[in-house]
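With compact mmCIF, N, CA and C atoms inside, this is query-v1.txt:
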```
# COMPACT_ATOMS: atom_id res chain seq x y z
N THR A 24 236.44 62.91 -50.06
CA THR A 24 236.86 63.92 -49.10
C THR A 24 235.62 64.60 -48.52
N GLN A 25 235.75 64.94 -47.24
CA GLN A 25 234.63 65.56 -46.54
C GLN A 25 234.91 67.05 -46.34
N LEU A 26 233.93 67.93 -46.62
CA LEU A 26 234.07 69.37 -46.46
C LEU A 26 233.85 69.76 -45.00
N PRO A 27 234.53 70.85 -44.55
CA PRO A 27 234.36 71.26 -43.15
C PRO A 27 232.95 71.84 -42.93
N THR A 28 232.50 71.70 -41.70
CA THR A 28 231.17 72.22 -41.35
C THR A 28 231.26 73.73 -41.10
N GLN A 29 230.10 74.33 -40.91
CA GLN A 29 230.05 75.79 -40.69
C GLN A 29 230.73 76.18 -39.38
N THR A 30 230.55 75.40 -38.34
CA THR A 30 231.20 75.71 -37.05
C THR A 30 232.70 75.60 -37.17
N GLN A 31 233.18 74.60 -37.91
CA GLN A 31 234.63 74.46 -38.10
C GLN A 31 235.18 75.65 -38.89
N MET A 32 234.41 76.12 -39.86
CA MET A 32 234.85 77.28 -40.65
C MET A 32 234.89 78.54 -39.77
N ASP A 33 233.91 78.69 -38.88
CA ASP A 33 233.89 79.83 -37.97
C ASP A 33 235.08 79.81 -37.03
N GLU A 34 235.39 78.65 -36.49
CA GLU A 34 236.54 78.52 -35.60
C GLU A 34 237.84 78.81 -36.34
N LEU A 35 237.95 78.35 -37.55
CA LEU A 35 239.14 78.60 -38.36
C LEU A 35 239.28 80.10 -38.65
N LEU A 36 238.17 80.76 -38.94
CA LEU A 36 238.19 82.18 -39.19
C LEU A 36 238.61 82.96 -37.95
N LYS A 37 238.12 82.56 -36.78
CA LYS A 37 238.53 83.20 -35.52
C LYS A 37 240.02 83.03 -35.29
N ALA A 38 240.54 81.83 -35.56
CA ALA A 38 241.96 81.56 -35.36
C ALA A 38 242.80 82.42 -36.30
N VAL A 39 242.36 82.57 -37.54
CA VAL A 39 243.10 83.39 -38.50
C VAL A 39 243.11 84.84 -38.05
N LYS A 40 241.97 85.36 -37.59
CA LYS A 40 241.91 86.74 -37.10
C LYS A 40 242.83 86.94 -35.90
N HIS A 41 242.86 85.96 -35.02
CA HIS A 41 243.73 86.04 -33.86
C HIS A 41 245.20 86.06 -34.28
N LEU A 42 245.56 85.24 -35.25
CA LEU A 42 246.95 85.23 -35.75
C LEU A 42 247.31 86.56 -36.41
N GLU A 43 246.36 87.17 -37.11
CA GLU A 43 246.61 88.47 -37.73
C GLU A 43 246.86 89.53 -36.67
N GLN A 44 246.07 89.52 -35.60
CA GLN A 44 246.25 90.49 -34.53
C GLN A 44 247.60 90.29 -33.85
N MET A 45 247.97 89.05 -33.63
CA MET A 45 249.26 88.76 -32.99
C MET A 45 250.42 89.21 -33.88
N SER A 46 250.31 89.01 -35.17
CA SER A 46 251.40 89.40 -36.07
C SER A 46 251.50 90.93 -36.16
N GLU A 47 250.37 91.64 -36.08
CA GLU A 47 250.42 93.10 -36.06
C GLU A 47 251.06 93.62 -34.79
N GLN A 48 250.77 92.98 -33.67
CA GLN A 48 251.30 93.43 -32.38
C GLN A 48 252.76 93.02 -32.20
N ALA A 49 253.24 92.02 -32.93
CA ALA A 49 254.58 91.49 -32.71
C ALA A 49 255.65 92.54 -32.93
N GLY A 50 255.49 93.42 -33.91
CA GLY A 50 256.52 94.42 -34.18
C GLY A 50 256.40 95.67 -33.35
N LYS A 51 255.33 95.82 -32.61
CA LYS A 51 255.09 97.04 -31.83
C LYS A 51 255.57 96.88 -30.40
N GLN A 52 255.95 98.02 -29.81
CA GLN A 52 256.27 97.99 -28.39
C GLN A 52 254.97 98.00 -27.60
N LYS A 53 255.08 97.49 -26.40
CA LYS A 53 253.89 97.51 -25.55
C LYS A 53 253.58 98.95 -25.17
N GLU A 54 252.34 99.31 -25.23
CA GLU A 54 251.94 100.67 -24.89
C GLU A 54 251.94 100.82 -23.37
N LYS A 55 252.49 101.94 -22.92
CA LYS A 55 252.57 102.19 -21.49
C LYS A 55 251.54 103.24 -21.07
N ARG A 56 250.72 103.66 -21.99
CA ARG A 56 249.69 104.64 -21.67
C ARG A 56 248.42 103.93 -21.22
N PHE A 57 247.65 104.63 -20.44
CA PHE A 57 246.35 104.10 -20.04
C PHE A 57 245.37 105.26 -20.02
N SER A 58 244.14 104.93 -20.09
CA SER A 58 243.11 105.97 -20.04
C SER A 58 242.13 105.64 -18.93
N LEU A 59 241.74 106.68 -18.25
CA LEU A 59 240.77 106.49 -17.17
C LEU A 59 239.39 106.25 -17.78
N PRO A 60 238.56 105.56 -17.06
CA PRO A 60 237.21 105.36 -17.59
C PRO A 60 236.50 106.70 -17.71
N SER A 61 235.76 106.85 -18.75
CA SER A 61 235.09 108.13 -18.96
C SER A 61 233.95 108.29 -17.98
N ILE A 62 233.85 109.48 -17.45
CA ILE A 62 232.79 109.80 -16.50
C ILE A 62 231.83 110.74 -17.22
N ARG A 63 230.60 110.36 -17.28
CA ARG A 63 229.61 111.20 -17.95
C ARG A 63 228.94 112.09 -16.93
N LEU A 64 229.17 113.39 -17.07
CA LEU A 64 228.56 114.35 -16.18
C LEU A 64 227.17 114.71 -16.69
N PRO A 65 226.29 115.06 -15.78
CA PRO A 65 224.95 115.45 -16.25
C PRO A 65 225.04 116.75 -17.04
N ARG A 66 224.23 116.87 -18.06
CA ARG A 66 224.23 118.08 -18.87
C ARG A 66 223.40 119.15 -18.18
N LEU A 67 223.99 120.32 -18.09
CA LEU A 67 223.29 121.43 -17.48
C LEU A 67 222.38 122.07 -18.53
N SER A 68 221.19 122.35 -18.13
CA SER A 68 220.27 123.00 -19.06
C SER A 68 219.45 124.03 -18.29
N LEU A 69 219.23 125.14 -18.95
CA LEU A 69 218.43 126.20 -18.34
C LEU A 69 216.95 125.90 -18.56
N PRO A 70 216.12 126.28 -17.61
CA PRO A 70 214.69 126.07 -17.82
C PRO A 70 214.18 126.98 -18.93
N TYR A 71 213.13 126.56 -19.58
CA TYR A 71 212.56 127.35 -20.66
C TYR A 71 211.80 128.53 -20.07
N ILE A 72 212.15 129.72 -20.51
CA ILE A 72 211.46 130.93 -20.06
C ILE A 72 210.89 131.60 -21.31
N PRO A 73 209.59 131.83 -21.34
CA PRO A 73 209.01 132.49 -22.52
C PRO A 73 209.57 133.91 -22.68
N TRP A 74 209.69 134.35 -23.93
CA TRP A 74 210.26 135.67 -24.21
C TRP A 74 209.46 136.78 -23.56
N THR A 75 208.15 136.65 -23.52
CA THR A 75 207.33 137.72 -22.94
C THR A 75 207.62 137.87 -21.45
N SER A 76 207.74 136.77 -20.75
CA SER A 76 208.06 136.84 -19.32
C SER A 76 209.44 137.43 -19.09
N LEU A 77 210.37 137.06 -19.94
CA LEU A 77 211.73 137.58 -19.81
C LEU A 77 211.76 139.09 -20.05
N LEU A 78 211.05 139.56 -21.07
CA LEU A 78 211.02 140.99 -21.37
C LEU A 78 210.30 141.77 -20.27
N LEU A 79 209.19 141.22 -19.75
CA LEU A 79 208.49 141.89 -18.66
C LEU A 79 209.35 141.97 -17.40
N GLY A 80 210.06 140.91 -17.12
CA GLY A 80 210.95 140.91 -15.95
C GLY A 80 212.07 141.92 -16.09
N LEU A 81 212.65 142.02 -17.29
CA LEU A 81 213.71 143.00 -17.51
C LEU A 81 213.18 144.43 -17.43
N ALA A 82 211.97 144.64 -17.95
CA ALA A 82 211.36 145.96 -17.87
C ALA A 82 211.09 146.35 -16.42
N ALA A 83 210.60 145.42 -15.62
CA ALA A 83 210.34 145.70 -14.20
C ALA A 83 211.65 146.00 -13.47
N LEU A 84 212.70 145.26 -13.80
CA LEU A 84 214.00 145.50 -13.18
C LEU A 84 214.54 146.88 -13.55
N ALA A 85 214.39 147.25 -14.83
CA ALA A 85 214.85 148.57 -15.26
C ALA A 85 214.05 149.68 -14.59
N LEU A 86 212.75 149.50 -14.47
CA LEU A 86 211.90 150.51 -13.82
C LEU A 86 212.27 150.67 -12.35
N THR A 87 212.52 149.55 -11.68
CA THR A 87 212.92 149.60 -10.27
C THR A 87 214.26 150.33 -10.13
N GLY A 88 215.18 150.04 -11.03
CA GLY A 88 216.47 150.74 -11.00
C GLY A 88 216.31 152.23 -11.23
N LEU A 89 215.43 152.60 -12.15
CA LEU A 89 215.19 154.02 -12.41
C LEU A 89 214.61 154.73 -11.18
N VAL A 90 213.65 154.10 -10.52
CA VAL A 90 213.04 154.69 -9.32
C VAL A 90 214.08 154.84 -8.23
N LEU A 91 214.90 153.82 -8.02
CA LEU A 91 215.94 153.92 -6.98
C LEU A 91 216.96 155.00 -7.32
N TRP A 92 217.30 155.15 -8.60
CA TRP A 92 218.25 156.18 -9.01
C TRP A 92 217.68 157.58 -8.74
N VAL A 93 216.40 157.78 -9.08
CA VAL A 93 215.77 159.07 -8.85
C VAL A 93 215.71 159.38 -7.36
N VAL A 94 215.34 158.40 -6.54
CA VAL A 94 215.27 158.61 -5.09
C VAL A 94 216.66 158.92 -4.54
N TRP A 95 217.67 158.21 -4.97
CA TRP A 95 219.03 158.41 -4.46
C TRP A 95 219.53 159.82 -4.76
N PHE A 96 219.30 160.28 -5.99
CA PHE A 96 219.83 161.59 -6.35
C PHE A 96 218.92 162.75 -5.95
N SER A 97 217.78 162.46 -5.36
CA SER A 97 216.93 163.54 -4.86
C SER A 97 216.75 163.44 -3.35
N LEU A 98 217.65 162.71 -2.69
CA LEU A 98 217.54 162.58 -1.23
C LEU A 98 217.71 163.92 -0.54
N ASP A 99 218.59 164.76 -1.04
CA ASP A 99 218.79 166.05 -0.36
C ASP A 99 217.53 166.91 -0.42
N THR A 100 216.82 166.88 -1.55
CA THR A 100 215.57 167.63 -1.66
C THR A 100 214.51 167.04 -0.74
N LEU A 101 214.41 165.70 -0.72
CA LEU A 101 213.44 165.04 0.17
C LEU A 101 213.76 165.33 1.63
N TRP A 102 215.05 165.34 1.99
CA TRP A 102 215.45 165.59 3.37
C TRP A 102 215.12 167.04 3.77
N SER A 103 215.33 167.96 2.87
CA SER A 103 215.00 169.37 3.16
C SER A 103 213.50 169.53 3.36
N ALA A 104 212.69 168.87 2.53
CA ALA A 104 211.24 168.96 2.67
C ALA A 104 210.80 168.31 3.96
N ALA A 105 211.40 167.20 4.34
CA ALA A 105 211.02 166.50 5.57
C ALA A 105 211.41 167.33 6.78
N ARG A 106 212.56 168.01 6.75
CA ARG A 106 212.99 168.85 7.89
C ARG A 106 212.06 170.05 8.06
N GLY A 107 211.49 170.53 6.95
CA GLY A 107 210.56 171.65 7.05
C GLY A 107 209.25 171.23 7.68
N LEU A 108 208.87 169.94 7.52
CA LEU A 108 207.64 169.47 8.12
C LEU A 108 207.78 169.13 9.58
N LEU A 109 208.99 168.79 10.01
CA LEU A 109 209.22 168.43 11.41
C LEU A 109 209.39 169.70 12.25
N PRO A 110 208.88 169.68 13.50
CA PRO A 110 209.04 170.88 14.36
C PRO A 110 210.44 171.04 14.88
```
File written out as structure tokens:
Amino acid sequence: TQLPTQTQMDELLKAVKHLEQMSEQAGKQKEKRFSLPSIRLPRLSLPYIPWTSLLLGLAALALTGLVLWVVWFSLDTLWSAARGLLP
């Protein structure tokens, strides 16, 4: 008797796997669901900002806000002083 070759064994193994898949699917209903292909969106990332620059920027913003607040609430005094200088 002659033994099967490696290629024949591989083909036989493929056939057995195929029969197993068919027998598993035989009792199931056909699936009616589908899925859309996945779309990979680019990942959003913030640029790296050093902490010192961030803190200095926030301090400058706070100082600007403070100056504007002082000017806004002292406009009546500034206007009175300006009217006294004008003829």
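In this model, the gap between CA of Leu81 (chain A) and atom C of Leu69 (chain A) comes to 17.4 Å.
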Identify, with DSSP run on backbone atoms, the residues in region 58-102 of chain A assigned to helix (DSSP H, G or I), and express the list as an MDAnalysis selection string.
chainID A and resid 74:96 98:102
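The spacing separating CA of Gly88 (chain A) from CA of Leu109 (chain A) amounts to 29.5 Å.
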A straight line from CA of Leu79 (chain A) to CA of Trp95 (chain A) spans 24.2 Å
Written coordinates, C-alpha atoms of chain A as a tab-separated table (two decimals), in the first residue's frame:
```tsv
chain	number	residue	atom	x	y	z
A	24	THR	CA	0.00	0.00	0.00
A	25	GLN	CA	1.13	3.50	-0.81
A	26	LEU	CA	0.83	6.38	1.72
A	27	PRO	CA	-0.64	9.73	0.61
A	28	THR	CA	1.73	12.58	-0.15
A	29	GLN	CA	1.87	15.85	1.78
A	30	THR	CA	-0.08	17.76	-0.89
A	31	GLN	CA	-2.80	15.11	-0.88
A	32	MET	CA	-3.02	15.38	2.91
A	33	ASP	CA	-3.30	19.18	2.68
A	34	GLU	CA	-6.09	18.93	0.13
A	35	LEU	CA	-7.91	16.38	2.26
A	36	LEU	CA	-7.59	18.65	5.30
A	37	LYS	CA	-9.00	21.60	3.32
A	38	ALA	CA	-11.94	19.46	2.19
A	39	VAL	CA	-12.66	18.36	5.75
A	40	LYS	CA	-12.59	21.98	7.00
A	41	HIS	CA	-14.94	22.98	4.20
A	42	LEU	CA	-17.35	20.17	5.12
A	43	GLU	CA	-17.26	21.26	8.77
A	44	GLN	CA	-18.13	24.84	7.81
A	45	MET	CA	-20.97	23.66	5.59
A	46	SER	CA	-22.39	21.44	8.34
A	47	GLU	CA	-22.26	24.33	10.83
A	48	GLN	CA	-24.06	26.64	8.40
A	49	ALA	CA	-26.66	24.02	7.40
A	50	GLY	CA	-28.78	24.50	10.53
A	51	LYS	CA	-28.55	28.29	10.57
A	52	GLN	CA	-30.70	30.78	8.74
A	53	LYS	CA	-29.02	33.03	6.28
A	54	GLU	CA	-28.02	36.28	7.90
A	55	LYS	CA	-29.76	39.32	6.48
A	56	ARG	CA	-27.52	41.84	8.20
A	57	PHE	CA	-24.64	43.59	6.55
A	58	SER	CA	-21.97	45.92	7.73
A	59	LEU	CA	-20.55	48.88	5.93
A	60	PRO	CA	-16.85	48.97	5.36
A	61	SER	CA	-15.11	50.70	8.20
A	62	ILE	CA	-13.88	54.18	7.48
A	63	ARG	CA	-10.82	55.25	9.40
A	64	LEU	CA	-10.94	58.92	10.23
A	65	PRO	CA	-7.74	60.80	10.93
A	66	ARG	CA	-7.00	61.19	14.62
A	67	LEU	CA	-7.16	64.71	15.87
A	68	SER	CA	-4.27	65.77	18.00
A	69	LEU	CA	-3.39	69.05	19.61
A	70	PRO	CA	0.06	70.50	19.03
A	71	TYR	CA	2.48	70.26	21.92
A	72	ILE	CA	2.60	73.49	23.91
A	73	PRO	CA	5.17	73.79	26.69
A	74	TRP	CA	3.70	74.52	30.13
A	75	THR	CA	5.74	77.70	30.52
A	76	SER	CA	4.36	79.18	27.30
A	77	LEU	CA	0.85	78.20	28.28
A	78	LEU	CA	1.16	79.81	31.72
A	79	LEU	CA	2.71	82.99	30.29
A	80	GLY	CA	-0.06	83.24	27.72
A	81	LEU	CA	-2.75	82.82	30.36
A	82	ALA	CA	-1.08	85.40	32.58
A	83	ALA	CA	-0.94	87.90	29.70
A	84	LEU	CA	-4.61	87.24	28.92
A	85	ALA	CA	-5.58	87.77	32.56
A	86	LEU	CA	-3.55	91.00	32.75
A	87	THR	CA	-5.17	92.31	29.57
A	88	GLY	CA	-8.59	91.49	30.98
A	89	LEU	CA	-7.76	93.29	34.22
A	90	VAL	CA	-6.61	96.43	32.36
A	91	LEU	CA	-9.75	96.45	30.21
A	92	TRP	CA	-11.93	95.99	33.30
A	93	VAL	CA	-10.25	98.91	35.09
A	94	VAL	CA	-10.58	101.15	32.02
A	95	TRP	CA	-14.24	100.21	31.53
A	96	PHE	CA	-15.24	100.95	35.11
A	97	SER	CA	-13.27	104.20	35.27
A	98	LEU	CA	-14.51	105.66	31.98
A	99	ASP	CA	-16.66	108.24	33.76
A	100	THR	CA	-13.63	109.54	35.70
A	101	LEU	CA	-11.50	109.60	32.53
A	102	TRP	CA	-14.28	111.39	30.63
A	103	SER	CA	-14.63	114.02	33.35
A	104	ALA	CA	-10.86	114.63	33.32
A	105	ALA	CA	-10.82	114.85	29.52
A	106	ARG	CA	-13.74	117.34	29.49
A	107	GLY	CA	-11.85	119.54	31.95
A	108	LEU	CA	-8.87	119.64	29.59
A	109	LEU	CA	-10.93	120.51	26.52
A	110	PRO	CA	-11.99	124.17	26.05
```
